Amino acid sequence: MSLIKVKNLCKYYSSGIINPELTKSVDDISFEIKRNEIVGLMGASGSGKTTVGRLILRHIKSTSGEIIFDGQDITKLNSTSLRSFRPRMQMIFQDPEASIDPRMSIEDFIAEPLRVIKKIDENEVHERVSKLLKDVGLTEDIRKRRACQVSGGQNQRAVIARILAFKPEFLVSDEATSNLDVSTQAQIIQLLKEIHEEYNLAILFISHDRELVDAVCDRWFEMERGKIKLHATPLS
Amino acid sequence: MLVFELKNLQVLFPAPGGVVHAVDTVDLEMQAHEKLALIGESGCGKTVLAHSILKLLHGTTKISGKISYMGTDLLSTDYSTLRKIRGKEIGMIIQNPGLSLNPVRTIGEQIAESCIEREGMSSVEAFKYAEEMLKMVGFNDPTKIASCYPHQLSGGMAQRAVVAIGLTLKPQMLIADEPTKSLDEKSKSEVIDLLIEISKDKTLLMITHDLQAASCISNRVMVMYAGELIEEGLTDEVMNNPRHPYTKGYMDAQPNRGLKPIPGISPSLLDLPEGCRFQPRCLHALPKCKTSHPELIGRDGHKVRCHVCH
């Protein structure tokens with residue numbers, strides 16, 4: 001059964017007051033993502049990839065269309081009823097250093113969802129953070145450091161650890177490796193594949209790198225000017 | 001003709017926990033019109049090396065060794081000579097256009113600035129020249145682009161604008177720092193084509209971790225790891241027949257070669273391991289790799305810093 005079903009999703013922006021101009025960022029797209037599936041989303045800059053990711057997570061409101069997450073259309077939900085859905089779907093951004101509050105230690109950054117959303121007892125938080133750090137391949141000595149004191153690859157691992165603290169079912173990875181060099185990229189991809197297996201995650205993998213998408217995804221589709229241009233499976 | 005030479009270059013940053021060895025004993029020579037790519041992972045000292053050439057680093061940095069351009073030693077030279085060389089002899093294409101462009105000035109102003117300051121052009125002349133430069137880097141409507149602010153341009157367009165700024169004073173040598181970073185495939189190939197075109201009669205030092213860009217543009221490659229050069233040779237030779245275990249691992253980490261990561265992380269530049277710096281991550285390490293530091297040696301121009309390879 002599909003976890004996410006997107007039907008005729010549109011997002012239009014209008015600019016100008018006298019002669020409003022309509023920009024069709026996402027124009028009538030439909031697709032499905034099953035549980036335990038990695039689906040790639042390709043396209044050039046400005047083709048609407050990130051908008052699709054943000055629409056599905058309801059970071060922005062769609063103009064029209066349906067997004068059915070686990071049987072419920074989340075486009076119709078108000079912000080209060082959405083709160084229970086938020087932890088179940090998460091996003092990894094392109095720039096890991098910008099994703100982390102510069103004043104927070106890595107430990108607090110990872111523990112925040114445990115404290116705020118999961119309301120876990122403070123004694124247990126330390127243990128849970130240790131488990132998460134281990135899951136993403138970070139060592140204990142990173143706890144007290146800040147984002148500016150660790151490398152890009154380690155920051156991206158910390159971001160993934162925080163996301164895992166939510167126990168999500170669906171993850172949008174928005175160019176998660178395009179700021180990293182190839183060897184760090186390969187490490188992060190390996191980590192994504194591991195957590196995909198371990199946590200039974202569905203992933204929408206947004207990237208402009210065709211070879212990377214081929215190597216990572218079960219199937220992919222390509223966008224051009226807000227529309228889906230083609231659906232494909234990777235070349236074996 | 002030898003244009004540019006680094007000898008025994010060492011760049012050290014004093015830090016709270018000790019001294020950061022950002023660049024360690026790097027030797028490099030560049031002939032006229034040569035295209036050299038310096039590759040390596042983030043934090044290995046590539047950008048610091050580029051910035052040390054034009055002395056763009058912070059005042060507390062300790063740079064030692066020799067940086068020579070056309071016989072002038074840039075390390076010992078006075079400020080006025082250095083100013084004549086910066087931009088005019090050695091141009092720099094700085095990385096990350098999103099952050100390096102001034103957000104409150106138009107692209108045209110940012111190109112014209114150096115013409116007015118350095119060439120004594122009037123502002124009308126300088127703006128006309130700025131438009132010519134924008135046309136040269138492939139914009140069809142230079143007048144419009146010149147009046148745009150950086151946030152109005154896409155990543156690829158901003159990168160081309162930064163290339164135009166680097167070329168403004170017609171330098172003989174260009175240093176391009178990560179010119180293709182975070183660009184999509186189309187913009188990346190456009191920037192690569194542009195760099196090939198503009199560097200025809202120039203000496204180019206390109207710093208990148210993008211192996212595809214390096215193989216398209218350069219004819220010689222140097223691989224850097226933890227502040228030192230570990231392999232150098234002709235591009236085809238190093239790309240198709242890498243010898244150092246790190247270079248091999250780096251090549252295999254590419255998506256089209258199986259996306260196999262190198263285990264472990266690079267050593268802290270504050271606390272470098274004794275012996276070979278790659279040894280803690282190396283699968284082929286010998287007992288002597290832990291104790292003796294290998295030299296960069298080899299024949300036919302393909303040099304490797306590794307005990308296992310020799």
# chains A, B, ... in the order shown; residues from 1 in each chain; ligands from 1
>>> residues_around(residues="stretch 171-173 of chain B", least_positions_apart="4", cutoff="7 Å", atoms="only C-alpha atoms", output="list of chain:residue names")
B:Gly87, B:Lys88, B:Glu89, B:Ile90, B:Gly91, B:Leu167, B:Lys202, B:Thr203, B:Leu204
>>> closest_atom_pairs(of="chain A", to="chain B", cutoff="8 Å", atoms="only C-alpha atoms", output="JSON lines")
{"residue": "A:Ala44", "atom": "CA", "partner": "B:Asp184", "partner_atom": "CA", "distance": 5.9}
{"residue": "A:Ser45", "atom": "CA", "partner": "B:Asp184", "partner_atom": "CA", "distance": 6.2}
{"residue": "A:Ser151", "atom": "CA", "partner": "B:Gly43", "partner_atom": "CA", "distance": 7.7}
{"residue": "A:Gly152", "atom": "CA", "partner": "B:Ser42", "partner_atom": "CA", "distance": 8.0}
{"residue": "A:Ser178", "atom": "CA", "partner": "B:Ser182", "partner_atom": "CA", "distance": 5.5}
{"residue": "A:Asn179", "atom": "CA", "partner": "B:Ser182", "partner_atom": "CA", "distance": 5.8}
{"residue": "A:Leu180", "atom": "CA", "partner": "B:Ser42", "partner_atom": "CA", "distance": 7.4}
{"residue": "A:Asp181", "atom": "CA", "partner": "B:Glu41", "partner_atom": "CA", "distance": 5.6}
{"residue": "A:Val182", "atom": "CA", "partner": "B:Ala253", "partner_atom": "CA", "distance": 5.9}
{"residue": "A:Ser183", "atom": "CA", "partner": "B:Ala253", "partner_atom": "CA", "distance": 5.2}
{"residue": "A:Thr184", "atom": "CA", "partner": "B:Pro261", "partner_atom": "CA", "distance": 7.1}
{"residue": "A:Gln185", "atom": "CA", "partner": "B:Ala253", "partner_atom": "CA", "distance": 7.8}
{"residue": "A:Ala186", "atom": "CA", "partner": "B:Pro261", "partner_atom": "CA", "distance": 4.8}
{"residue": "A:Gln187", "atom": "CA", "partner": "B:Pro261", "partner_atom": "CA", "distance": 5.0}
{"residue": "A:Gln190", "atom": "CA", "partner": "B:Pro261", "partner_atom": "CA", "distance": 7.6}
{"residue": "A:His208", "atom": "CA", "partner": "B:Asp184", "partner_atom": "CA", "distance": 5.5}
{"residue": "A:Asp209", "atom": "CA", "partner": "B:Glu185", "partner_atom": "CA", "distance": 6.7}
{"residue": "A:Glu211", "atom": "CA", "partner": "B:Pro255", "partner_atom": "CA", "distance": 5.6}
{"residue": "A:Leu212", "atom": "CA", "partner": "B:Pro255", "partner_atom": "CA", "distance": 5.1}
{"residue": "A:Ala215", "atom": "CA", "partner": "B:Pro255", "partner_atom": "CA", "distance": 6.2}
>>> write_last_selection(atoms="N, CA and C atoms", output="compact mmCIF listing (two decimals), in the first residue's frame")
# COMPACT_ATOMS: atom_id res chain seq x y z
N ALA A 44 16.47 20.14 -13.30
CA ALA A 44 17.44 21.24 -13.23
C ALA A 44 17.03 22.21 -12.13
N SER A 45 17.91 23.16 -11.80
CA SER A 45 17.55 24.18 -10.81
C SER A 45 16.32 24.93 -11.29
N SER A 151 32.90 18.99 10.84
CA SER A 151 32.93 19.03 9.37
C SER A 151 31.52 18.93 8.78
N GLY A 152 31.42 19.20 7.50
CA GLY A 152 30.13 19.15 6.79
C GLY A 152 29.49 17.78 6.87
N SER A 178 24.73 17.49 -2.02
CA SER A 178 25.37 18.25 -3.11
C SER A 178 26.39 19.27 -2.61
N ASN A 179 26.43 19.54 -1.29
CA ASN A 179 27.47 20.41 -0.77
C ASN A 179 28.69 19.63 -0.29
N LEU A 180 28.63 18.30 -0.39
CA LEU A 180 29.70 17.47 0.19
C LEU A 180 30.59 16.92 -0.92
N ASP A 181 31.83 16.59 -0.57
CA ASP A 181 32.70 16.01 -1.59
C ASP A 181 32.36 14.53 -1.80
N VAL A 182 32.91 13.94 -2.87
CA VAL A 182 32.44 12.60 -3.24
C VAL A 182 32.61 11.54 -2.17
N SER A 183 33.71 11.57 -1.40
CA SER A 183 33.87 10.50 -0.42
C SER A 183 32.91 10.68 0.75
N THR A 184 32.67 11.93 1.16
CA THR A 184 31.69 12.17 2.23
C THR A 184 30.29 11.86 1.70
N GLN A 185 30.05 12.20 0.44
CA GLN A 185 28.76 11.91 -0.17
C GLN A 185 28.47 10.42 -0.10
N ALA A 186 29.47 9.61 -0.45
CA ALA A 186 29.28 8.16 -0.44
C ALA A 186 28.97 7.67 0.97
N GLN A 187 29.62 8.28 1.98
CA GLN A 187 29.36 7.88 3.37
C GLN A 187 27.92 8.21 3.77
N GLN A 190 25.46 5.92 2.07
CA GLN A 190 25.45 4.60 2.72
C GLN A 190 24.62 4.66 4.01
N HIS A 208 20.02 16.63 -8.43
CA HIS A 208 20.15 16.94 -9.85
C HIS A 208 21.19 16.03 -10.50
N ASP A 209 21.72 15.11 -9.70
CA ASP A 209 22.79 14.25 -10.21
C ASP A 209 22.22 12.91 -10.67
N GLU A 211 23.57 10.29 -12.03
CA GLU A 211 24.29 9.07 -11.65
C GLU A 211 24.00 8.70 -10.20
N LEU A 212 23.88 9.72 -9.36
CA LEU A 212 23.60 9.48 -7.95
C LEU A 212 22.20 8.89 -7.78
N ALA A 215 22.09 5.36 -8.71
CA ALA A 215 22.74 4.47 -7.75
C ALA A 215 21.92 4.28 -6.48
>>> select_by_dssp(residues="stretch 46-162 of chain B", states="alpha helix (DSSP H)", output="ChimeraX atom specification")
/B:46-53,79-85,97-100,107-119,123-136,142-146,155-162
>>> closest_residue(among="A:Leu9, A:Ile189, A:Ala161, A:Ile56", to="A:Ser30", atoms="only C-alpha atoms")
A:Leu9
>>> residues_around(residues="A:Val125", least_positions_apart="4", cutoff="8 Å", atoms="only C-alpha atoms", output="PyMOL selection string")
chain A and resi 111+114-115+120-121+129
>>> write_last_selection(atoms="C-alpha atoms", output="PDB file, in the first residue's frame")
ATOM      1  CA  ALA A 111      17.846  15.846  21.946  1.00  0.00           C
ATOM      2  CA  LEU A 114      13.075  13.915  22.346  1.00  0.00           C
ATOM      3  CA  ARG A 115      12.451  16.601  24.943  1.00  0.00           C
ATOM      4  CA  ILE A 120      11.091  11.802  27.263  1.00  0.00           C
ATOM      5  CA  ASP A 121      12.448  11.833  30.794  1.00  0.00           C
ATOM      6  CA  VAL A 129      21.208  10.435  22.191  1.00  0.00           C
TER       7      VAL A 129
END
